[in-house]
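Peer 1: I have a structure here, written as structure tokens, and I will follow up with some questions on it.
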Amino acid sequence: MINKAYKFFCGCLVCCGITATLTSCDDFFEQESDDVLYADRDHLHNAVDTIYSVTGILNKLQALADRTILLGEVRGDLVDLTATASNDLRELATFNVSDDNMYNVPSDYYAVINNCNYFISKVDTALRTNSNELIFMKEYAAVKAIRAWTYLQLVLNYGRVPFYTDPVLSKEEAENAETANVADLQTICSYFINDLATLPQRYNTETPGYRSIRSVESKMMFFPLSIIRGDLYLWRATVTGSKEDYRQAALNYYQYINERNGTNSAYPTTKAYIMWMAGTSTWTSREIRNLDYDSENFTSEGELITLIPGDSIRAEGNYSELRNLFNSNEDNEYKVSITPSQRIQDISEAQAYCQLAYDGNSVDYAPAGLPEHGSGDLRLSWVWNEGFTRDRITGERIETQRIDKYGTRNVHIYRRMMVYLRMAEAFNGAGYPRMAYQILSEGLSDRVITQKIIPYYMTDDRSDSLFLAQFQFPDVRYAVMDEGDIIGAGSATHNMMGIHTRGSGWTPLNAFYQLPNDTIEPDLGKRSQLTAEQQVFVDSLLLNESALEFAFEGTRYYDIMRFALRQGNPGAFMAKHIYARRGESRSGEMQAEIKSSLNDQRNWYLHWKNKIGY
């Protein structure tokens with residue numbers, strides 16, 4: 001069975017048994033002959049059919065892989081386009097996307113959704129082994145998570161979408177589905193929060209066991225239920241402002257961290273950083289520890305959580321072009337289409353890099369104007385490599401670029417730092433900015449939570465302290481780094497650090513990275529005002545940290561959207577950030593290039609033939 005699944009990914013099997021070609025090419029439910037697998041079967045009740053169907057759904061996901069990154073990055077503020085970029089990319093960047101743009105194909109999302117709907121309606125979830133174990137519940141839960149993720153991507157990009165959960169198997173059903181129910185972001189989130197809540201707890205971590213497919217561990221091809229739930233709660237809280245939804249988002253992200261490696265284990269942030277060598281004042285020698293964005297090894301400390309696999313060559317049909325868009329190579333004649341923007345350089349250089357001296361007590365700050373993006377946060381300099389090559393014939397110098405996040409054929413979706421940072425965002429939204437700040441500055445452990453966080457949120461009913469006490473990071477498994485780790489005298493068991501330290505030096509002693517008005521306020525009225533002020537400050541830290549950590553990974557546009565929706569004037573917030581792509585001094589130039597005003601929220605979304613979108 002594993003070999004057959006492998007062959008499916010290789011494109012060697014042709015799916016058959018389809019009852020109908022659904023609609024014309026003018027419908028976003030447009031289907032090819034293999035879009036719904038095994039549609040003539042009443043049930044999926046054996047391993048062969050089930051594996052074929054699940055791997056077929058994963059195959060359909062491949063069409064969304066590049067688009068997921070490009071829609072989230074090219075429309076943001078951290079990249080700009082070169083003269084080589086295609087017109088389709090340019091339309092994305094200028095928010096002027098035509099119906100025939102290659103990245104504006106809603107039918108690709110519905111191909112995934114319709115296959116998920118069919119699988120969910122037909123798979124025999126009651127079938128058991130001789131030892132009374134449910135056979136196909138892992139697949140059932142995994143497909144439900146894929147459907148929820150796909151619908152979330154669809155509604156984030158189109159704003160309002162036709163919504164259906166039954167399989168569409170005829171032209172009549174397709175036409176009805178186009179107009180029957182139109183759902184917005186809040187509706188989508190609410191439906192799938194309830195839908196996923198029905199799945200047993202064990203399937204948060206148990207995924208279909210297909211071993212390796214094309215040298216990729218198959219468990220990395222699935223979407224963890226607790227992360228999907230966290231995202232759904234976070235987006236719904238963004239729309240509704242619900243403190244309880246923010247709490248549930250934090251709990252779900254924590255659940256993934258807590259369960260990722262099984263009972264009595266940990267999934268810490270680790271000692272992964274890029275730093276100037278401790279104690280030096282020449283600002284020339286950097287120390288790099290485990291900052292590997294491309295690793296696809298599934299280990300207890302692996303950074304990557306979920307990926308969408310890509311084919312090795314273009315002829316196989318689902319080849320990712322991201323490497324050729326971001327990196328210079330012979331295939332693109334050393335001409336990249338996407339390059340870091342002035343905005344990400346400004347954000348990076350604005351950070352105060354804090355260097356710890358060998359005495360472990362005093363600090364120094366990196367000066368401005370260091371070459372190779374050496375001032376401020378160092379993560380940009382680590383992933384963005386500029387160089388040159390020579391023309392083989394003329395010897396002419398050719399400028400080159402490499403983004404070290406794109407050296408693989410596979411497209412990365414979730415990783416550990418996303419879970420920690422979104423958990424921090426949820427804490428801040430729920431009214432616990434100090435908890436969020438600790439994730440950025442120092443890292444979490446039970447000692448840190450007990451001594452440095454809970455005392456700031458004591459109430460007569462203990463509701464806040466009881467909530468925060470649910471987040472357990474036992475000190476025997478989560479050991480927060482100290483100064484000794486930086487100067488070479490730290491404990492080998494230390495494994496937890498603040499995320500800002502990954503690129504900006506020793507954050508706990510950084511005088512320019514401190515929570516304002518950091519005092520215990522017993523008066524509840526004054527504390528409420530203080531908390532609100534700290535939330536605004538921490539939100540700005542979180543949005544910057546997301547830029548520093550996830551630049552070029554396809555999350556930026558959605559991050560800005562989420563933060564914008566919380567503002568009194570969402571359009572103004574969105575416009576300000578996107579227009580700053582070329583830098584503050586040239587924001588007017590970017591605004592002129594974007595014909596549709598981003599002050600109007602309807603212009604944030606894609607549209608297609610007046611059938612989907614605002």
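Identifiers for the structure tokens are assigned positionally: chains receive A, B, ... in sequence, residues are indexed from 1 per chain, and ligands are indexed from 1 in the order shown.
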Excluding range 397-402 of chain A and residues on its chain fewer than 2 positions from it, collect all residues at most 8 Å away from it, counting only C-alpha atoms, and give them as a list in words.
Peer 2: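 Residues meeting the cut-off are Phe326, Asn327, Ser328, Tyr334, Lys335, Val336, Val383, Trp384, Asn385, Glu386, Gly387, Phe388, Thr389, Arg390, Asp391, Gly395 and Asp404 of chain A.
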Peer 1: Using the chain letters and numbers from this document, which residues of range 369-467 of chain A does DSSP assign to alpha helix (DSSP H), as a ChimeraX atom specification?
Peer 2: /A:379-383,416-430,433-441,446-452,463-467
Peer 1: Set the distance at 10 Å and use only C-alpha atoms: which residues neighbour range 518-534 of chain A once local chain neighbours fewer than 4 positions away are removed? I'd like the list as a list in words.
Peer 2: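 Returned residues: Asn428, Gly429, Gly431, Tyr432, Pro433, Arg434, Tyr437, Ile453, Pro455, Tyr456, Tyr457, Met458, Thr459, Gln514, Val538, Asp539 and Ser540 of chain A.
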Peer 1: May I have the residues within 9 Å of range 66-82 of chain A as number ranges by chain, using only C-alpha atoms and disregarding those fewer than 3 positions away in the same chain?
Peer 2: A: 62-63, 85, 89-90, 92-95, 103-104, 153, 157, 320-322, 335-345, 411-413, 547, 551-560, 577-582
Peer 1: Just the selected residues (N, CA and C atoms), exported as a short mmCIF file (atom, residue, chain, number, x, y, z; two decimals), in the first residue's frame, please.
Peer 2:
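What follows is the written file part-v3.cif:
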```cif
data_model
loop_
_atom_site.label_atom_id
_atom_site.label_comp_id
_atom_site.auth_asym_id
_atom_site.auth_seq_id
_atom_site.Cartn_x
_atom_site.Cartn_y
_atom_site.Cartn_z
N GLN A 62 -1.17 20.26 -3.76
CA GLN A 62 0.04 20.76 -4.40
C GLN A 62 -0.23 21.98 -5.27
N ALA A 63 -1.42 22.06 -5.86
CA ALA A 63 -1.75 23.21 -6.70
C ALA A 63 -1.84 24.50 -5.90
N ALA A 85 9.89 40.11 -13.03
CA ALA A 85 8.67 39.50 -12.50
C ALA A 85 7.57 39.45 -13.56
N LEU A 89 2.44 38.19 -11.12
CA LEU A 89 2.98 38.62 -9.83
C LEU A 89 2.78 40.11 -9.63
N ARG A 90 2.95 40.88 -10.69
CA ARG A 90 2.81 42.33 -10.58
C ARG A 90 1.36 42.71 -10.24
N LEU A 92 -0.63 40.91 -8.41
CA LEU A 92 -0.77 40.65 -6.97
C LEU A 92 -0.20 41.80 -6.16
N ALA A 93 1.00 42.24 -6.51
CA ALA A 93 1.69 43.27 -5.74
C ALA A 93 0.95 44.60 -5.76
N THR A 94 0.22 44.87 -6.85
CA THR A 94 -0.49 46.15 -6.99
C THR A 94 -1.98 46.03 -6.74
N PHE A 95 -2.43 44.89 -6.23
CA PHE A 95 -3.84 44.69 -5.87
C PHE A 95 -4.77 44.99 -7.05
N TYR A 103 -2.72 32.96 -10.34
CA TYR A 103 -2.86 32.76 -8.91
C TYR A 103 -4.28 33.00 -8.42
N ASN A 104 -5.18 33.34 -9.33
CA ASN A 104 -6.57 33.61 -8.99
C ASN A 104 -7.44 32.51 -9.59
N GLN A 153 -7.87 29.37 4.07
CA GLN A 153 -7.08 30.07 3.05
C GLN A 153 -8.00 30.74 2.03
N ASN A 157 -8.42 34.92 1.41
CA ASN A 157 -8.05 35.52 0.14
C ASN A 157 -9.22 36.13 -0.62
N SER A 320 7.35 23.29 -7.77
CA SER A 320 7.34 24.61 -7.15
C SER A 320 8.33 25.54 -7.83
N GLU A 321 7.85 26.73 -8.19
CA GLU A 321 8.69 27.74 -8.82
C GLU A 321 9.33 28.69 -7.81
N LEU A 322 9.10 28.47 -6.53
CA LEU A 322 9.58 29.44 -5.54
C LEU A 322 11.09 29.60 -5.56
N LYS A 335 18.30 35.80 -12.92
CA LYS A 335 17.44 36.97 -12.71
C LYS A 335 16.26 36.58 -11.83
N VAL A 336 16.26 37.07 -10.61
CA VAL A 336 15.17 36.75 -9.69
C VAL A 336 13.98 37.67 -9.96
N SER A 337 12.81 37.24 -9.50
CA SER A 337 11.60 38.04 -9.65
C SER A 337 11.21 38.75 -8.37
N ILE A 338 11.62 38.19 -7.23
CA ILE A 338 11.21 38.72 -5.93
C ILE A 338 12.45 39.03 -5.11
N THR A 339 12.46 40.19 -4.50
CA THR A 339 13.64 40.61 -3.73
C THR A 339 13.19 41.28 -2.44
N PRO A 340 13.99 41.23 -1.38
CA PRO A 340 13.62 41.89 -0.14
C PRO A 340 13.36 43.38 -0.35
N SER A 341 12.34 43.88 0.30
CA SER A 341 11.95 45.28 0.15
C SER A 341 12.76 46.19 1.06
N GLN A 342 12.62 47.47 0.83
CA GLN A 342 13.24 48.44 1.72
C GLN A 342 12.63 48.34 3.11
N ARG A 343 11.36 47.99 3.16
CA ARG A 343 10.66 47.91 4.44
C ARG A 343 11.27 46.86 5.38
N ILE A 344 11.56 45.66 4.88
CA ILE A 344 12.14 44.66 5.76
C ILE A 344 13.54 45.08 6.19
N GLN A 345 14.27 45.78 5.33
CA GLN A 345 15.57 46.28 5.73
C GLN A 345 15.42 47.32 6.83
N VAL A 411 7.16 23.01 -0.16
CA VAL A 411 6.70 24.31 0.31
C VAL A 411 6.32 24.19 1.79
N HIS A 412 6.96 24.98 2.63
CA HIS A 412 6.77 24.89 4.07
C HIS A 412 5.57 25.75 4.50
N ILE A 413 4.73 25.17 5.37
CA ILE A 413 3.51 25.85 5.80
C ILE A 413 3.56 26.24 7.28
N ALA A 547 7.75 39.80 11.17
CA ALA A 547 8.50 40.21 9.98
C ALA A 547 9.92 39.69 10.03
N ALA A 551 10.01 36.52 7.41
CA ALA A 551 10.15 37.23 6.14
C ALA A 551 10.30 36.24 5.00
N PHE A 552 9.55 36.47 3.93
CA PHE A 552 9.59 35.71 2.67
C PHE A 552 8.88 34.35 2.75
N GLU A 553 8.26 34.02 3.89
CA GLU A 553 7.65 32.70 4.07
C GLU A 553 6.15 32.68 3.78
N GLY A 554 5.57 33.81 3.37
CA GLY A 554 4.18 33.80 2.97
C GLY A 554 3.17 34.08 4.05
N THR A 555 3.60 34.59 5.20
CA THR A 555 2.64 34.89 6.27
C THR A 555 2.36 36.38 6.42
N ARG A 556 3.17 37.23 5.80
CA ARG A 556 3.16 38.64 6.16
C ARG A 556 1.83 39.34 5.87
N TYR A 557 1.26 39.12 4.68
CA TYR A 557 0.01 39.82 4.35
C TYR A 557 -1.09 39.46 5.34
N TYR A 558 -1.16 38.20 5.70
CA TYR A 558 -2.20 37.77 6.63
C TYR A 558 -1.93 38.30 8.04
N ASP A 559 -0.66 38.39 8.42
CA ASP A 559 -0.34 38.98 9.72
C ASP A 559 -0.79 40.44 9.77
N ILE A 560 -0.48 41.21 8.75
CA ILE A 560 -0.91 42.61 8.72
C ILE A 560 -2.43 42.69 8.74
N HIS A 577 0.85 50.21 6.21
CA HIS A 577 1.90 49.19 6.21
C HIS A 577 2.26 48.74 4.79
N ILE A 578 1.27 48.54 3.95
CA ILE A 578 1.57 48.07 2.60
C ILE A 578 2.26 49.17 1.79
N TYR A 579 1.81 50.40 1.93
CA TYR A 579 2.41 51.50 1.16
C TYR A 579 3.87 51.73 1.57
N ALA A 580 4.25 51.27 2.76
CA ALA A 580 5.63 51.46 3.23
C ALA A 580 6.59 50.43 2.64
N ARG A 581 6.15 49.63 1.69
CA ARG A 581 6.99 48.58 1.10
C ARG A 581 8.32 49.14 0.59
N ARG A 582 8.28 50.31 -0.01
CA ARG A 582 9.50 50.91 -0.57
C ARG A 582 10.23 51.78 0.45
#
```
Peer 1: From the options A:Asn101, A:Asn569, A:Thr125, A:Gln248, which residue's atoms come nearest to Gln470 in chain A, counting only C-alpha atoms?
Peer 2: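 Looking at the shortest contact to Gln470 in chain A, the residue is A:Gln248.
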Peer 1: Leaving out Tyr605 in chain A and any residue of its chain fewer than 6 positions from it, which residues lie within 10 Å of it when counting only C-alpha atoms, given as a list of chain:residue names?
Peer 2: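 Once the adjacent positions are removed, what remains is A:Phe95, A:Val97, A:Val155, A:Leu156, A:Asn157, A:Tyr158, A:Gly159, A:Arg160, A:Leu598, A:Ile612, A:Gly613, A:Tyr614.
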Peer 1: Apply DSSP to the structure's backbone, then extract all residues of range 159-212 of chain A labelled strand (DSSP E or B) and return them as a ChimeraX atom specification.
Peer 2: /A:160-162,182-184,212
Peer 1: Could you write out the selected residues, including C-alpha atoms, as a CSV table (one decimal), in the first residue's frame?
Peer 2:
```csv
chain,number,residue,atom,x,y,z
A,160,ARG,CA,-16.7,35.9,1.1
A,161,VAL,CA,-16.9,32.4,-0.4
A,162,PRO,CA,-19.5,29.8,-1.4
A,182,VAL,CA,-22.0,32.5,1.1
A,183,ALA,CA,-19.8,32.5,4.2
A,184,ASP,CA,-17.5,35.2,5.6
A,212,SER,CA,8.1,8.3,3.8
```
Peer 1: Given only C-alpha atoms as the basis, pick out the residue of A:Ile347, A:Leu606, A:Ile57, A:Ile288 nearest to Asp99 in chain A.
Peer 2: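 Of A:Ile347, A:Leu606, A:Ile57, A:Ile288, the one nearest Asp99 in chain A, counting only C-alpha atoms, is A:Leu606.
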Peer 1: Expressed in Å to a single decimal, how great is the separation between CA of Ile228 in chain A and CA of Ala145 in chain A?
Peer 2: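 Distance reported for this atom pair: 6.9 Å.
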Peer 1: Given only C-alpha atoms, how would the per-residue table for range 443-506 of chain A near range 266-275 of chain A read, listing every residue at most 8 Å away with its closest atom pair and distance in Å to one decimal, sorted by chain and number, as a Markdown table?
Peer 2:
```
| residue | atom | partner | partner_atom | distance |
| --- | --- | --- | --- | --- |
| A:Gly443 | CA | A:Thr269 | CA | 7.8 |
| A:Arg477 | CA | A:Ala266 | CA | 5.9 |
| A:Tyr478 | CA | A:Pro268 | CA | 6.5 |
| A:Met481 | CA | A:Lys271 | CA | 7.9 |
| A:His494 | CA | A:Lys271 | CA | 7.8 |
| A:Asn495 | CA | A:Thr270 | CA | 4.4 |
| A:Met496 | CA | A:Thr270 | CA | 5.1 |
| A:Met497 | CA | A:Thr269 | CA | 6.1 |
| A:Gly498 | CA | A:Thr269 | CA | 7.8 |
| A:Ile499 | CA | A:Thr269 | CA | 7.5 |
| A:Thr501 | CA | A:Tyr273 | CA | 6.8 |
| A:Arg502 | CA | A:Tyr273 | CA | 4.0 |
| A:Gly503 | CA | A:Ile274 | CA | 5.5 |
| A:Ser504 | CA | A:Met275 | CA | 7.4 |
| A:Gly505 | CA | A:Met275 | CA | 6.0 |
```
Peer 1: Please produce a file of the residues just selected, as a compact mmCIF listing (two decimals), in the first residue's frame, where the atoms kept are C-alpha atoms.
Peer 2:
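The result, stored in selection_10.txt:
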```txt
# COMPACT_ATOMS: atom_id res chain seq x y z
CA GLY A 443 11.11 32.23 27.05
CA ARG A 477 12.07 19.92 30.61
CA TYR A 478 12.05 23.66 29.79
CA MET A 481 18.82 30.22 28.95
CA HIS A 494 19.13 24.95 28.77
CA ASN A 495 16.78 24.83 25.79
CA MET A 496 14.39 27.79 26.01
CA MET A 497 15.05 31.32 24.77
CA GLY A 498 13.13 34.44 23.86
CA ILE A 499 12.38 34.56 20.16
CA THR A 501 17.20 36.72 20.87
CA ARG A 502 17.30 34.58 17.72
CA GLY A 503 18.53 37.61 15.81
CA SER A 504 18.86 40.65 18.08
CA GLY A 505 21.32 39.58 20.73
```
Peer 1: So that I can check the surroundings of Ala430 in chain A, please list as a count of residues only every protein, DNA and RNA residue that reaches within 7 Å of it, counting only C-alpha atoms and ignoring chain neighbours fewer than 6 positions away.
Peer 2: 3
Peer 1: Can you measure CA of Asn115 in chain A to CA of Gly209 in chain A for me? One decimal in Å is fine.
Peer 2: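 Atom-to-atom, CA of Asn115 in chain A to CA of Gly209 in chain A, that is 20.2 Å.
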